[in-house]
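This is protein-v1.pdb (PDB, C-alpha atoms, pLDDT in the B column).
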```pdb
MODEL        1
ATOM      1  CA  MET A 500     111.915  79.659 109.361  1.00 51.00           C
ATOM      2  CA  PRO A 501     108.311  80.307 108.283  1.00 62.00           C
ATOM      3  CA  ARG A 502     105.857  77.436 108.599  1.00 76.00           C
ATOM      4  CA  ILE A 503     103.523  76.442 105.792  1.00 75.00           C
ATOM      5  CA  ASP A 504     100.635  77.942 107.803  1.00 83.00           C
ATOM      6  CA  ASP A 505     102.455  81.289 107.773  1.00 89.00           C
ATOM      7  CA  TYR A 506     102.799  81.087 103.996  1.00 91.00           C
ATOM      8  CA  LYS A 507      99.130  80.218 103.595  1.00 93.00           C
ATOM      9  CA  GLN A 508      98.128  83.166 105.757  1.00 95.00           C
ATOM     10  CA  ALA A 509     100.401  85.512 103.791  1.00 95.00           C
ATOM     11  CA  LEU A 510      98.915  84.168 100.546  1.00 95.00           C
ATOM     12  CA  LYS A 511      95.355  84.783 101.757  1.00 95.00           C
ATOM     13  CA  LEU A 512      96.164  88.300 102.942  1.00 96.00           C
ATOM     14  CA  GLY A 513      97.840  89.118  99.634  1.00 96.00           C
ATOM     15  CA  ARG A 514      94.932  87.809  97.582  1.00 96.00           C
ATOM     16  CA  ASP A 515      92.396  89.692  99.678  1.00 96.00           C
ATOM     17  CA  GLU A 516      94.321  92.941  99.287  1.00 96.00           C
ATOM     18  CA  LEU A 517      94.980  92.608  95.558  1.00 96.00           C
ATOM     19  CA  ALA A 518      91.360  91.650  94.854  1.00 94.00           C
ATOM     20  CA  ASN A 519      90.371  95.152  95.963  1.00 94.00           C
ATOM     21  CA  LYS A 520      92.460  96.720  93.190  1.00 95.00           C
ATOM     22  CA  THR A 521      91.181  97.511  89.694  1.00 94.00           C
ATOM     23  CA  VAL A 522      92.585  94.922  87.308  1.00 95.00           C
ATOM     24  CA  ASP A 523      93.169  97.462  84.520  1.00 94.00           C
ATOM     25  CA  LEU A 524      95.298  99.610  86.830  1.00 95.00           C
ATOM     26  CA  VAL A 525      97.170  96.567  88.123  1.00 96.00           C
ATOM     27  CA  ALA A 526      98.158  95.784  84.537  1.00 96.00           C
ATOM     28  CA  VAL A 527      99.218  99.364  83.790  1.00 95.00           C
ATOM     29  CA  PHE A 528     101.324  99.823  86.916  1.00 95.00           C
ATOM     30  CA  SER A 529     102.922  96.355  86.971  1.00 96.00           C
ATOM     31  CA  GLY A 530     103.864  95.900  83.326  1.00 96.00           C
ATOM     32  CA  ALA A 531     101.561  92.879  83.037  1.00 96.00           C
ATOM     33  CA  ARG A 532      99.403  92.248  79.973  1.00 96.00           C
ATOM     34  CA  LEU A 533      95.641  92.243  80.464  1.00 95.00           C
ATOM     35  CA  GLN A 534      93.804  89.432  78.698  1.00 93.00           C
ATOM     36  CA  ARG A 535      90.057  89.016  78.244  1.00 90.00           C
ATOM     37  CA  ASP A 536      88.721  86.075  76.260  1.00 86.00           C
ATOM     38  CA  PRO A 537      85.377  85.933  74.377  1.00 84.00           C
ATOM     39  CA  GLU A 538      83.776  84.201  77.355  1.00 82.00           C
ATOM     40  CA  GLY A 539      84.537  87.187  79.538  1.00 78.00           C
ATOM     41  CA  LYS A 540      87.299  85.566  81.575  1.00 88.00           C
ATOM     42  CA  THR A 541      90.022  87.963  82.688  1.00 94.00           C
ATOM     43  CA  ALA A 542      93.682  87.219  83.362  1.00 94.00           C
ATOM     44  CA  LEU A 543      97.028  88.944  83.660  1.00 96.00           C
ATOM     45  CA  SER A 544     100.165  87.704  81.939  1.00 96.00           C
ATOM     46  CA  LEU A 545     103.269  88.698  83.886  1.00 97.00           C
ATOM     47  CA  SER A 546     106.898  88.115  82.921  1.00 97.00           C
ATOM     48  CA  PHE A 547     108.764  86.540  85.852  1.00 97.00           C
ATOM     49  CA  LEU A 548     112.310  85.212  85.536  1.00 97.00           C
ATOM     50  CA  ASN A 549     111.959  84.910  81.763  1.00 96.00           C
ATOM     51  CA  GLN A 550     108.723  82.919  82.009  1.00 94.00           C
ATOM     52  CA  GLU A 551     105.132  83.996  81.489  1.00 95.00           C
ATOM     53  CA  VAL A 552     102.937  83.623  84.557  1.00 96.00           C
ATOM     54  CA  GLN A 553      99.175  83.573  84.047  1.00 95.00           C
ATOM     55  CA  ILE A 554      97.168  85.134  86.865  1.00 96.00           C
ATOM     56  CA  ALA A 555      93.441  84.416  86.773  1.00 93.00           C
ATOM     57  CA  TRP A 556      91.242  87.295  87.914  1.00 93.00           C
ATOM     58  CA  PRO A 557      89.560  87.660  90.368  1.00 90.00           C
ATOM     59  CA  ASP A 558      90.421  84.319  92.034  1.00 92.00           C
ATOM     60  CA  LEU A 559      94.149  85.140  91.699  1.00 94.00           C
ATOM     61  CA  SER A 560      95.481  81.681  90.949  1.00 92.00           C
ATOM     62  CA  PHE A 561      98.977  81.574  89.450  1.00 94.00           C
ATOM     63  CA  HIS A 562     100.432  79.156  86.923  1.00 93.00           C
ATOM     64  CA  LEU A 563     102.977  79.173  84.136  1.00 92.00           C
ATOM     65  CA  ARG A 564     101.587  79.624  80.653  1.00 83.00           C
ATOM     66  CA  ASP A 565     100.552  76.259  79.173  1.00 76.00           C
ATOM     67  CA  ASP A 566     101.056  74.627  82.574  1.00 78.00           C
ATOM     68  CA  ASN A 567      98.168  74.112  84.979  1.00 76.00           C
ATOM     69  CA  GLU A 568     100.424  73.397  87.945  1.00 79.00           C
ATOM     70  CA  PRO A 569     100.388  76.212  90.527  1.00 83.00           C
ATOM     71  CA  LEU A 570     103.546  78.131  91.306  1.00 90.00           C
ATOM     72  CA  PRO A 571     105.418  77.440  94.558  1.00 93.00           C
ATOM     73  CA  ILE A 572     103.658  79.308  97.336  1.00 95.00           C
ATOM     74  CA  GLN A 573     106.678  81.543  98.045  1.00 96.00           C
ATOM     75  CA  GLN A 574     106.635  82.732  94.433  1.00 97.00           C
ATOM     76  CA  GLU A 575     102.893  83.382  94.541  1.00 97.00           C
ATOM     77  CA  ILE A 576     103.336  85.511  97.669  1.00 97.00           C
ATOM     78  CA  LEU A 577     106.228  87.416  96.106  1.00 98.00           C
ATOM     79  CA  LEU A 578     104.207  88.166  92.971  1.00 98.00           C
ATOM     80  CA  LEU A 579     101.204  89.280  95.012  1.00 98.00           C
ATOM     81  CA  HIS A 580     103.420  91.658  96.968  1.00 98.00           C
ATOM     82  CA  TYR A 581     104.893  92.995  93.723  1.00 98.00           C
ATOM     83  CA  LEU A 582     101.471  93.627  92.182  1.00 97.00           C
ATOM     84  CA  ILE A 583     100.148  95.268  95.345  1.00 97.00           C
ATOM     85  CA  GLY A 584     103.293  97.339  95.797  1.00 96.00           C
ATOM     86  CA  VAL A 585     103.417  98.751  92.286  1.00 96.00           C
ATOM     87  CA  CYS A 586      99.748  99.711  92.505  1.00 94.00           C
ATOM     88  CA  GLU A 587     100.238 101.524  95.790  1.00 93.00           C
ATOM     89  CA  SER A 588     103.291 103.340  94.414  1.00 90.00           C
ATOM     90  CA  GLU A 589     101.497 103.883  91.061  1.00 80.00           C
ATOM     91  CA  GLY A 590     104.329 102.399  89.043  1.00 70.00           C
ATOM     92  CA  GLY A 591     106.775 105.096  88.123  1.00 77.00           C
ATOM     93  CA  GLY A 592     109.262 103.036  86.181  1.00 85.00           C
ATOM     94  CA  VAL A 593     112.873 102.127  86.823  1.00 92.00           C
ATOM     95  CA  ALA A 594     115.079 104.762  88.478  1.00 93.00           C
ATOM     96  CA  GLY A 595     118.284 103.819  86.648  1.00 94.00           C
ATOM     97  CA  GLU A 596     120.384 103.875  89.838  1.00 97.00           C
ATOM     98  CA  TRP A 597     121.852 100.727  91.378  1.00 98.00           C
ATOM     99  CA  ILE A 598     121.798 100.111  95.131  1.00 98.00           C
ATOM    100  CA  SER A 599     123.082  97.310  97.348  1.00 97.00           C
ATOM    101  CA  PHE A 600     120.908  95.294  99.687  1.00 97.00           C
ATOM    102  CA  GLN A 601     122.342  97.258 102.620  1.00 96.00           C
ATOM    103  CA  GLU A 602     120.672 100.385 101.255  1.00 96.00           C
ATOM    104  CA  VAL A 603     117.195  98.857 101.275  1.00 96.00           C
ATOM    105  CA  PRO A 604     115.108 100.022 104.262  1.00 94.00           C
ATOM    106  CA  ASP A 605     115.384  97.383 107.019  1.00 94.00           C
ATOM    107  CA  GLY A 606     117.889  95.509 104.862  1.00 93.00           C
ATOM    108  CA  ARG A 607     120.189  95.001 107.842  1.00 92.00           C
ATOM    109  CA  PHE A 608     117.533  92.844 109.518  1.00 94.00           C
ATOM    110  CA  TYR A 609     117.462  90.482 106.528  1.00 96.00           C
ATOM    111  CA  MET A 610     121.141  90.673 105.609  1.00 97.00           C
ATOM    112  CA  ASP A 611     121.876  87.178 106.893  1.00 96.00           C
ATOM    113  CA  ALA A 612     119.025  85.710 104.841  1.00 95.00           C
ATOM    114  CA  PHE A 613     120.153  87.630 101.759  1.00 97.00           C
ATOM    115  CA  GLN A 614     123.737  86.441 102.169  1.00 97.00           C
ATOM    116  CA  ARG A 615     122.712  82.804 102.673  1.00 96.00           C
ATOM    117  CA  ARG A 616     120.104  82.674  99.922  1.00 95.00           C
ATOM    118  CA  ALA A 617     121.854  84.648  97.239  1.00 98.00           C
ATOM    119  CA  LYS A 618     125.198  86.403  97.595  1.00 98.00           C
ATOM    120  CA  ILE A 619     127.286  83.600  99.120  1.00 98.00           C
ATOM    121  CA  PRO A 620     125.876  80.890  96.783  1.00 97.00           C
ATOM    122  CA  LEU A 621     126.530  83.188  93.802  1.00 98.00           C
ATOM    123  CA  ILE A 622     130.205  83.560  94.721  1.00 98.00           C
ATOM    124  CA  GLN A 623     130.717  79.932  95.742  1.00 97.00           C
ATOM    125  CA  THR A 624     129.187  78.558  92.559  1.00 97.00           C
ATOM    126  CA  PHE A 625     130.390  81.019  89.933  1.00 97.00           C
ATOM    127  CA  GLY A 626     133.360  82.862  91.447  1.00 96.00           C
ATOM    128  CA  GLY A 627     135.772  80.405  89.867  1.00 94.00           C
ATOM    129  CA  ASN A 628     133.861  80.214  86.587  1.00 95.00           C
ATOM    130  CA  PRO A 629     132.179  83.566  85.909  1.00 96.00           C
ATOM    131  CA  GLU A 630     131.814  82.792  82.215  1.00 96.00           C
ATOM    132  CA  LEU A 631     129.367  80.032  83.171  1.00 97.00           C
ATOM    133  CA  LEU A 632     127.212  82.538  85.046  1.00 97.00           C
ATOM    134  CA  LEU A 633     127.055  84.787  81.999  1.00 97.00           C
ATOM    135  CA  ARG A 634     126.138  81.902  79.722  1.00 97.00           C
ATOM    136  CA  LEU A 635     123.474  80.355  81.949  1.00 97.00           C
ATOM    137  CA  ALA A 636     121.882  83.668  82.909  1.00 98.00           C
ATOM    138  CA  THR A 637     121.756  84.744  79.275  1.00 97.00           C
ATOM    139  CA  GLU A 638     120.395  81.455  77.951  1.00 96.00           C
ATOM    140  CA  HIS A 639     117.851  80.702  80.664  1.00 95.00           C
ATOM    141  CA  LEU A 640     116.912  84.040  82.244  1.00 97.00           C
ATOM    142  CA  GLY A 641     117.221  86.309  79.226  1.00 97.00           C
ATOM    143  CA  ALA A 642     119.943  88.332  80.975  1.00 98.00           C
ATOM    144  CA  VAL A 643     121.980  90.971  79.173  1.00 98.00           C
ATOM    145  CA  PRO A 644     125.699  91.666  79.721  1.00 96.00           C
ATOM    146  CA  SER A 645     126.678  94.608  81.893  1.00 97.00           C
ATOM    147  CA  ASP A 646     129.919  96.517  82.459  1.00 95.00           C
ATOM    148  CA  GLN A 647     130.114  96.243  86.244  1.00 96.00           C
ATOM    149  CA  GLY A 648     132.882  94.307  87.974  1.00 96.00           C
ATOM    150  CA  ASP A 649     134.935  91.865  85.917  1.00 96.00           C
ATOM    151  CA  TYR A 650     131.832  89.957  84.805  1.00 97.00           C
ATOM    152  CA  SER A 651     128.209  90.949  85.176  1.00 98.00           C
ATOM    153  CA  VAL A 652     124.733  90.495  83.772  1.00 98.00           C
ATOM    154  CA  VAL A 653     121.386  92.149  84.380  1.00 98.00           C
ATOM    155  CA  VAL A 654     118.390  89.868  84.882  1.00 98.00           C
ATOM    156  CA  GLN A 655     114.928  91.346  84.339  1.00 98.00           C
ATOM    157  CA  ALA A 656     113.306  89.454  87.189  1.00 98.00           C
ATOM    158  CA  LEU A 657     109.987  91.314  86.813  1.00 98.00           C
ATOM    159  CA  PRO A 658     108.913  94.092  84.444  1.00 97.00           C
ATOM    160  CA  LEU A 659     110.040  96.798  86.895  1.00 97.00           C
ATOM    161  CA  VAL A 660     112.774  94.813  88.666  1.00 98.00           C
ATOM    162  CA  PRO A 661     116.206  94.561  87.024  1.00 98.00           C
ATOM    163  CA  ILE A 662     118.804  92.754  89.139  1.00 99.00           C
ATOM    164  CA  ALA A 663     122.552  92.936  88.485  1.00 99.00           C
ATOM    165  CA  LEU A 664     124.728  89.895  89.228  1.00 99.00           C
ATOM    166  CA  ILE A 665     128.366  90.942  89.514  1.00 98.00           C
ATOM    167  CA  LEU A 666     131.590  88.957  89.933  1.00 98.00           C
ATOM    168  CA  TRP A 667     135.239  89.870  90.398  1.00 97.00           C
ATOM    169  CA  ARG A 668     137.874  87.283  89.618  1.00 92.00           C
ATOM    170  CA  GLY A 669     140.176  86.186  92.407  1.00 86.00           C
ATOM    171  CA  ASP A 670     143.952  86.001  92.240  1.00 85.00           C
ATOM    172  CA  ASP A 671     146.848  84.688  94.324  1.00 84.00           C
ATOM    173  CA  GLU A 672     146.099  87.167  97.094  1.00 88.00           C
ATOM    174  CA  PHE A 673     142.328  87.588  97.074  1.00 90.00           C
ATOM    175  CA  PRO A 674     139.449  85.132  96.578  1.00 94.00           C
ATOM    176  CA  PRO A 675     136.683  85.801  94.049  1.00 95.00           C
ATOM    177  CA  GLU A 676     134.108  88.355  95.146  1.00 97.00           C
ATOM    178  CA  GLY A 677     130.609  89.178  94.019  1.00 97.00           C
ATOM    179  CA  ASN A 678     127.566  91.303  94.641  1.00 98.00           C
ATOM    180  CA  ILE A 679     123.909  91.618  93.719  1.00 98.00           C
ATOM    181  CA  LEU A 680     122.495  95.062  93.033  1.00 99.00           C
ATOM    182  CA  PHE A 681     118.958  96.356  92.614  1.00 98.00           C
ATOM    183  CA  ASP A 682     117.409  99.381  90.978  1.00 98.00           C
ATOM    184  CA  ARG A 683     116.605 102.017  93.598  1.00 97.00           C
ATOM    185  CA  SER A 684     112.918 101.942  92.623  1.00 97.00           C
ATOM    186  CA  ILE A 685     112.525  98.455  94.116  1.00 97.00           C
ATOM    187  CA  MET A 686     112.251 100.038  97.564  1.00 95.00           C
ATOM    188  CA  LYS A 687     108.920 101.564  96.585  1.00 94.00           C
ATOM    189  CA  PHE A 688     107.105  98.269  96.154  1.00 94.00           C
ATOM    190  CA  LEU A 689     109.007  95.356  97.726  1.00 97.00           C
ATOM    191  CA  SER A 690     110.123  94.907 101.321  1.00 97.00           C
ATOM    192  CA  ALA A 691     113.617  93.845 102.345  1.00 97.00           C
ATOM    193  CA  GLU A 692     112.286  90.364 103.105  1.00 96.00           C
ATOM    194  CA  ASP A 693     110.712  90.096  99.641  1.00 98.00           C
ATOM    195  CA  ILE A 694     113.918  91.311  97.987  1.00 98.00           C
ATOM    196  CA  ALA A 695     115.979  88.692  99.828  1.00 97.00           C
ATOM    197  CA  TRP A 696     113.554  85.998  98.668  1.00 97.00           C
ATOM    198  CA  LEU A 697     113.605  87.276  95.094  1.00 98.00           C
ATOM    199  CA  ALA A 698     117.401  87.295  94.963  1.00 98.00           C
ATOM    200  CA  GLY A 699     117.401  83.641  95.970  1.00 97.00           C
ATOM    201  CA  MET A 700     114.793  82.852  93.316  1.00 97.00           C
ATOM    202  CA  VAL A 701     117.169  84.289  90.713  1.00 98.00           C
ATOM    203  CA  ILE A 702     120.296  82.520  91.977  1.00 98.00           C
ATOM    204  CA  TYR A 703     119.126  79.020  92.874  1.00 96.00           C
ATOM    205  CA  PRO A 704     117.925  77.959  89.406  1.00 95.00           C
ATOM    206  CA  LEU A 705     121.294  79.062  88.028  1.00 97.00           C
ATOM    207  CA  ILE A 706     123.080  76.984  90.658  1.00 97.00           C
ATOM    208  CA  GLY A 707     120.996  73.958  89.730  1.00 95.00           C
ATOM    209  CA  MET A 708     121.895  74.377  86.060  1.00 94.00           C
ATOM    210  CA  ALA A 709     125.577  74.821  86.938  1.00 94.00           C
ATOM    211  CA  LYS A 710     125.593  71.560  88.902  1.00 89.00           C
ATOM    212  CA  LYS A 711     124.106  69.724  85.934  1.00 86.00           C
ATOM    213  CA  LYS A 712     126.855  71.143  83.740  1.00 73.00           C
ATOM    214  CA  GLY A 713     129.463  69.981  86.250  1.00 61.00           C
TER     215      GLY A 713
ENDMDL
END
```
With the file now loaded, output its structure as structure tokens.
Amino acid sequence: MPRIDDYKQALKLGRDELANKTVDLVAVFSGARLQRDPEGKTALSLSFLNQEVQIAWPDLSFHLRDDNEPLPIQQEILLLHYLIGVCESEGGGVAGEWISFQEVPDGRFYMDAFQRRAKIPLIQTFGGNPELLLRLATEHLGAVPSDQGDYSVVVQALPLVPIALILWRGDDEFPPEGNILFDRSIMKFLSAEDIAWLAGMVIYPLIGMAKKKG
């Protein structure tokens, strides 16, 4: 498990690398909105899990809009990697083809983390009540219904990162099953480790809401 020093080092490396990019191109490639106020201050506004994240430039501090508290360090690192990755791949948009985590380069090395952080909790929490997943994801993450499996929604985690949450109802013979799919383009700008983290960032807030409902 990474130590806080590892996170801090990853955060510093990400900030140093992104600071070398041109802010206008970062905005274009990432889907963020570029903001410049009359005082000359520059910031990016990036949609992340149905919330607006303000990114001050060039110091690259992250906070939710109207909230001066910084984001959790894992989220800051993930967003830095996204912004760096889309710049290096020069955007390109969504491919429109779903893939499983197994198809992500090096995904097999992070399969256990992906299963523990995202897929297994998804099935355990919502397999017996898929309607609750649809309702919570729609209300809180701005998800839209999909036609995959028995129940599914697509969450726009980041401007170029749709994620499909899919469930199949169980019966007398088989338990409920589920999966999480990603657009093929995600491989161009996020690593398998980042994708596993992001999947957990989508699922765990939904689990917390489900427990409150229960």
Translate the PyMOL selection byres ((chain A and resi 551) around 12), as applied to the file shown, into an explicit residue set as a PDB file with C-alpha atoms, in the frame of the given file.
```pdb
ATOM      1  CA  ALA A 531     101.561  92.879  83.037  1.00 96.00           C
ATOM      2  CA  ARG A 532      99.403  92.248  79.973  1.00 96.00           C
ATOM      3  CA  LEU A 543      97.028  88.944  83.660  1.00 96.00           C
ATOM      4  CA  SER A 544     100.165  87.704  81.939  1.00 96.00           C
ATOM      5  CA  LEU A 545     103.269  88.698  83.886  1.00 97.00           C
ATOM      6  CA  SER A 546     106.898  88.115  82.921  1.00 97.00           C
ATOM      7  CA  PHE A 547     108.764  86.540  85.852  1.00 97.00           C
ATOM      8  CA  LEU A 548     112.310  85.212  85.536  1.00 97.00           C
ATOM      9  CA  ASN A 549     111.959  84.910  81.763  1.00 96.00           C
ATOM     10  CA  GLN A 550     108.723  82.919  82.009  1.00 94.00           C
ATOM     11  CA  VAL A 552     102.937  83.623  84.557  1.00 96.00           C
ATOM     12  CA  GLN A 553      99.175  83.573  84.047  1.00 95.00           C
ATOM     13  CA  ILE A 554      97.168  85.134  86.865  1.00 96.00           C
ATOM     14  CA  PHE A 561      98.977  81.574  89.450  1.00 94.00           C
ATOM     15  CA  HIS A 562     100.432  79.156  86.923  1.00 93.00           C
ATOM     16  CA  LEU A 563     102.977  79.173  84.136  1.00 92.00           C
ATOM     17  CA  ARG A 564     101.587  79.624  80.653  1.00 83.00           C
ATOM     18  CA  ASP A 565     100.552  76.259  79.173  1.00 76.00           C
ATOM     19  CA  ASP A 566     101.056  74.627  82.574  1.00 78.00           C
ATOM     20  CA  LEU A 570     103.546  78.131  91.306  1.00 90.00           C
ATOM     21  CA  LEU A 640     116.912  84.040  82.244  1.00 97.00           C
ATOM     22  CA  ALA A 656     113.306  89.454  87.189  1.00 98.00           C
ATOM     23  CA  LEU A 657     109.987  91.314  86.813  1.00 98.00           C
ATOM     24  CA  PRO A 658     108.913  94.092  84.444  1.00 97.00           C
TER      25      PRO A 658
END
```
Practice task
Decode the PyMOL selection byres ((chain A and resi 557) around 8) for the given file into explicit residues and return them as a ChimeraX atom specification.
Solution key: /A:518,541,555-556,558-559
Problem - the PyMOL selection byres ((chain A and resi 696) around 9) resolved against shown file, as number ranges by chain - result: A: 573-574, 577, 612-613, 616-617, 691-695, 697-701
Next, write the just-selected residues to a file, as a PDB file, keeping the file's coordinate frame, keeping C-alpha atoms as the atom set.
```pdb
ATOM      1  CA  GLN A 573     106.678  81.543  98.045  1.00 96.00           C
ATOM      2  CA  GLN A 574     106.635  82.732  94.433  1.00 97.00           C
ATOM      3  CA  LEU A 577     106.228  87.416  96.106  1.00 98.00           C
ATOM      4  CA  ALA A 612     119.025  85.710 104.841  1.00 95.00           C
ATOM      5  CA  PHE A 613     120.153  87.630 101.759  1.00 97.00           C
ATOM      6  CA  ARG A 616     120.104  82.674  99.922  1.00 95.00           C
ATOM      7  CA  ALA A 617     121.854  84.648  97.239  1.00 98.00           C
ATOM      8  CA  ALA A 691     113.617  93.845 102.345  1.00 97.00           C
ATOM      9  CA  GLU A 692     112.286  90.364 103.105  1.00 96.00           C
ATOM     10  CA  ASP A 693     110.712  90.096  99.641  1.00 98.00           C
ATOM     11  CA  ILE A 694     113.918  91.311  97.987  1.00 98.00           C
ATOM     12  CA  ALA A 695     115.979  88.692  99.828  1.00 97.00           C
ATOM     13  CA  LEU A 697     113.605  87.276  95.094  1.00 98.00           C
ATOM     14  CA  ALA A 698     117.401  87.295  94.963  1.00 98.00           C
ATOM     15  CA  GLY A 699     117.401  83.641  95.970  1.00 97.00           C
ATOM     16  CA  MET A 700     114.793  82.852  93.316  1.00 97.00           C
ATOM     17  CA  VAL A 701     117.169  84.289  90.713  1.00 98.00           C
TER      18      VAL A 701
END
```
Problem - Residue nearest A:Ile685 - candidates A:Gly641, A:Gly591, A:Pro704, A:Pro629, atoms counted: all atoms listed in the file - result: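 Checking each of A:Gly641, A:Gly591, A:Pro704, A:Pro629 against A:Ile685, counting all atoms listed in the file, the winner is A:Gly591.
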Handout entry: Contacts of A:Lys712 within 12 Å, all atoms listed in the file, excl. fewer than 2 positions in-chain, as a list in words
Key =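 Counting all atoms listed in the file, the residues come to Thr624, Asn628, Leu631, Leu632, Arg634, Leu635, Leu705, Ile706, Gly707, Met708, Ala709 and Lys710 of chain A.
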Completion exercise
If you count all atoms listed in the file, the residue of A:Met610, A:Val585, A:Val527, A:Leu633 closest to A:Phe688 turns out to be A:Val585
Would you kindly return, as a compact mmCIF listing (two decimals) with C-alpha atoms, keeping the file's coordinate frame, each protein, DNA or RNA residue with an atom no farther than 9 Å from any atom of A:Ile583, considering all atoms listed in the file and excluding same-chain residues fewer than 6 positions away?
```
# COMPACT_ATOMS: atom_id res chain seq x y z
CA GLY A 513 97.84 89.12 99.63
CA GLU A 516 94.32 92.94 99.29
CA LEU A 517 94.98 92.61 95.56
CA LYS A 520 92.46 96.72 93.19
CA VAL A 525 97.17 96.57 88.12
CA SER A 529 102.92 96.36 86.97
CA PHE A 688 107.10 98.27 96.15
```
Problem - Minimum-distance residue to A:Val593, chosen among A:Arg668, A:Ala526, A:Gln655, A:Lys711 (using all atoms listed in the file) - result: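 Answer, going by the shortest atom-to-atom distance: A:Gln655.
Every polymer residue reaching to within 6 Å of (115.7, 102.8, 100.4), counting only C-alpha atoms, appears in this list: Glu602, Val603, Pro604 and Met686 of chain A.
Closest approach to A:Val660 among A:Glu676, A:Asp646, A:Glu596, A:Asp605: A:Glu596, based on only C-alpha atoms.
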